[in-house]
Amino acid sequence: MAEVKQGDRIAAPVHGGHGSHHGHSGHRGHGAGHPMSVKPASIGDYLVRVGCDPLTEAFGKRAFSPPWRGSRPVDEDNAQAVIERVFATPRSETAVAYLHVPYCQNHCLFCGFFENVWRPEIGPAYVDDLIAEFAAKSHTPLIASAPIDAIYIGGGTPSALDADDLARLIAALHRYLPLSADCEITLEGRSYGFDIAKAKKLADAGVNRLSIGVQSFSTEVRRRLGRKRGGEEVAAFLAELMALGRTSVVCDLIYGLPGQSDADWRRDIDTVSRIGLDGVTLYALNMFPGGPMARAVENGKLPQPATPAAQARLYAEGVERLTESGWLQVSQSHLVRSLRERNRYNASIKRGVACLPFGAGAGGQAHGHRWRNVIDIARRREMVAQNLAPIEGLALVPSDHAAHAMIAAGLETGRLDLAAVEALRPGFRVAVTPLLANWTAAGLGELRGDGFSPSLAGSFWISNLTSGLTAGLTAAATAGEAGCGF
């Protein structure tokens with residue numbers, strides 16, 4: 001997984017999503033839409049001690065503010081009828097699509113979403129399933145009514161699929177879906193099992209963006225993670241992709257890994273600059289409790305990963321080294337070097353646009369609902385044979401979903417339009433005034449008129465800022481209800 005995929009990826013600080021899902025956007029595509037029973041936070045929980053080092057001491061740990069928090073589940077007895085209405089309702093705006101390939105050659109230690117072991121013989125049948133899904137849904141108003149301007153093929157490891165299967169999958173996208181003329185089509189993968197011949201065939205088919213899950217160029221660190229190729233081999237492969245010149249090429253890097261030294265991280269940053277990639281995403285390690293990496297650390301097989309303070313220093317150094325080398329920071333974690341890198345899918349997901357899910361385990365959202373496609377391949381095929389929509393976890397998005405998306409996207413891109421959020425949730429400005437004043441005084445950002453811009457320190461703690469402002473939405477809603485006599 002590599003990228004947002006709704007929110008950040010597995011190794012990302014917040015949100016997708018979908019990523020190289022090897023670290024990427026939540027990217028089981030977009031989260032399932034399940035409600036979360038978490039004690040509501042208050043604005044006071046996010047006040048910072050003025051005078052502390054904002055980069056390393058603002059918060060003790062990263063908060064988690066998923067866009068589906070507060071979703072209301074749709075009764076299973078009604079789910080089929082509701083999802084039918086969702087697909088029968090046309091869109092008025094462009095959307096993105098997410099295709100999930102739930103297979104990997106091995107289970108990397110940092111990954112919390114491993115699903116199925118890849119075997120070459122299962123690829124053709126799975127691609128057949130995807131193409132049949134495109135054909136079956138292509139005439140529904142939800143799909144056909146407006147263009148799709150970005151597609152992300154994530155996983156799992158989509159690049160493990162045979163080149164011919166990938167080519168016919170891309171051809172089917174063009175045949176059945178209303179792609180815009182300049183649709184961004186991203187395929188994520190890893191260098192293992194990928195070669196230049198396959199890259200050429202993908203470019204010929206229409207893929208215009210490759211997202212490669214690197215995590216680290218240190219061979220020693222990669223071996224600990226379960227990666228199969230050495231760092232120099234990976235760097236050489238990326239250089240070959242760039243020399244090919246057919247697609248935008250981006251990669252993921254993770255900071256804070258067990259055994260990863262500061263020098264390792266600097267070399268990783270310098271390597272992407274030396275290769276001249278079109279873009280790079282910097283993710284903080286998110287170690288899942290009970291996951292393979294957490295167990296290895298607990299059993300003494302791996303050293304402790306970096307603390308949040310140490311992660312903050314690595315993040316700041318990475319961003320500063322890249323920007324000093326001419327890279328442009330376009331979001332909290334993503335930096336670009338060329339105009340060829342649009343990062344359209346990830347930016348759209350942050351804004352909360354409709355996401356159309358295809359494939360086992362893909363998550364999507366549209367018309368105020370979120371859902372996930374059934375992940376079990378056999379059960380999914382059985383439901384399709386019974387003429388049932390193979391979905392689960394259908395839920396209504398929270399009432400403040402649009403405002404939450406506006407907050408997340410604004411902070412990500414460097415300026416939150418407070419007036420725009422206020423228009424969606426009256427009372428928001430009053431509710432968050434003490435919070436923004438505190439963050440400004442503490443060095444987490446700058447407040448200018450109707451705009452709040454995070455500092456570098458604020459960008460590292462972006463999930464905490466998002467959570468604090470989301471608490472402001474709740475406070476404003478509560479105040480509004482009280483004022484109406486509820």
# chains A, B, ... in the order shown; residues from 1 in each chain; ligands from 1

$ select_by_dssp --residues "region 198-406 of chain A" --states "strand (DSSP E or B)" --output "ChimeraX atom specification"
/A:209-215,248-255,279-284,328-329,334-336,355-358,363-366,369-373,391-396

$ select_by_dssp --residues "region 135-251 of chain A" --states "alpha helix (DSSP H)" --output "ChimeraX atom specification"
/A:135-137,141-144,163-176,196-205,219-225,231-244

$ closest_residue --among "A:Ile377, A:Ala312, A:Leu241, A:Ile349" --to "Ala58 (chain A)" --atoms "only C-alpha atoms"
A:Ala312

$ residues_around --residues "Gln311 (chain A)" --least-positions-apart "3" --cutoff "8 Å" --atoms "only C-alpha atoms" --output "VMD selection string"
chain A and resid 255 to 256 284 306 to 308 314 to 315

$ residues_around --residues "region 86-98 of chain A" --least-positions-apart "3" --cutoff "9 Å" --atoms "only C-alpha atoms" --output "ChimeraX atom specification"
/A:5,18,27,29-30,81-83,137,140-154,180,345,348-349,353-359,362-364,366-369

$ write_last_selection --atoms "C-alpha atoms" --output "tab-separated table (two decimals), in the first residue's frame"
chain	number	residue	atom	x	y	z
A	5	LYS	CA	-5.75	5.79	0.18
A	18	HIS	CA	-4.72	3.09	0.28
A	27	HIS	CA	-5.54	2.78	1.43
A	29	GLY	CA	-8.65	2.03	-0.22
A	30	HIS	CA	-10.75	4.07	2.01
A	81	ALA	CA	-31.50	-1.66	-0.86
A	82	VAL	CA	-29.49	1.35	0.30
A	83	ILE	CA	-26.40	0.54	-1.77
A	137	LYS	CA	-21.43	-1.31	-12.84
A	140	THR	CA	-25.15	2.69	-13.19
A	141	PRO	CA	-25.79	6.42	-12.73
A	142	LEU	CA	-23.20	6.62	-9.95
A	143	ILE	CA	-20.46	5.43	-12.32
A	144	ALA	CA	-21.58	6.77	-15.69
A	145	SER	CA	-22.92	10.24	-14.85
A	146	ALA	CA	-19.68	12.23	-14.59
A	147	PRO	CA	-15.96	11.76	-15.34
A	148	ILE	CA	-13.44	9.92	-13.21
A	149	ASP	CA	-10.22	11.94	-13.15
A	150	ALA	CA	-7.94	9.73	-11.03
A	151	ILE	CA	-7.63	5.98	-10.51
A	152	TYR	CA	-5.44	4.30	-7.95
A	153	ILE	CA	-4.59	0.59	-8.32
A	154	GLY	CA	-3.42	-0.39	-4.86
A	180	SER	CA	-11.41	12.07	-18.19
A	345	TYR	CA	-5.81	10.92	-6.39
A	348	SER	CA	-8.89	14.33	-3.99
A	349	ILE	CA	-9.25	11.77	-1.22
A	353	VAL	CA	-14.61	13.50	-3.07
A	354	ALA	CA	-16.62	10.45	-4.14
A	355	CYS	CA	-14.43	7.36	-4.38
A	356	LEU	CA	-15.69	4.42	-6.44
A	357	PRO	CA	-14.32	1.09	-5.14
A	358	PHE	CA	-13.57	-1.98	-7.24
A	359	GLY	CA	-12.11	-5.30	-6.18
A	362	ALA	CA	-11.69	-1.85	-1.68
A	363	GLY	CA	-13.35	0.92	0.30
A	364	GLY	CA	-15.32	3.80	-1.13
A	366	ALA	CA	-20.49	8.46	-2.33
A	367	HIS	CA	-23.74	10.28	-1.63
A	368	GLY	CA	-23.22	10.42	2.11
A	369	HIS	CA	-22.40	6.74	2.52

$ atom_distance --atom1 "CA of Gly451 (chain A)" --atom2 "CA of Gly326 (chain A)"
26.0 Å

$ atom_distance --atom1 "CA of Val221 (chain A)" --atom2 "CA of Thr281 (chain A)"
18.1 Å

$ closest_residue --among "A:Val101, A:Leu447, A:Leu285, A:Leu177" --to "Pro158 (chain A)" --atoms "only C-alpha atoms"
A:Val101

$ atom_distance --atom1 "CA of Gly213 (chain A)" --atom2 "CA of His334 (chain A)"
13.8 Å

$ closest_residue --among "A:Cys251, A:Ala316, A:Leu55, A:Ile43" --to "Ala471 (chain A)" --atoms "only C-alpha atoms"
A:Ile43

$ closest_residue --among "A:Ala409, A:Ala419, A:Leu469, A:Ile212" --to "Leu436 (chain A)" --atoms "only C-alpha atoms"
A:Leu469

$ closest_residue --among "A:Ser333, A:Ser138, A:Ser248, A:Ser338" --to "Pro178 (chain A)" --atoms "only C-alpha atoms"
A:Ser138

$ closest_residue --among "A:Gln260, A:Ser273, A:Thr186, A:Ser211" --to "Leu302 (chain A)" --atoms "only C-alpha atoms"
A:Gln260

$ residues_around --residues "region 193-207 of chain A" --least-positions-apart "2" --cutoff "6 Å" --atoms "only C-alpha atoms" --output "list in words"
Ala160, Ala163, Ala167, Ile185, Ser191 and Arg209 of chain A

$ write_last_selection --atoms "C-alpha atoms" --output "PDB file, in the first residue's frame"
ATOM      1  CA  ALA A 160       2.917  -8.642  -8.947  1.00  0.00           C
ATOM      2  CA  ALA A 163       2.090  -7.722 -17.495  1.00  0.00           C
ATOM      3  CA  ALA A 167      -2.576  -4.457 -19.669  1.00  0.00           C
ATOM      4  CA  ILE A 185      -3.858   6.289 -13.491  1.00  0.00           C
ATOM      5  CA  SER A 191      10.601  -3.351  -7.242  1.00  0.00           C
ATOM      6  CA  ARG A 209       2.007   7.204 -12.622  1.00  0.00           C
TER       7      ARG A 209
END
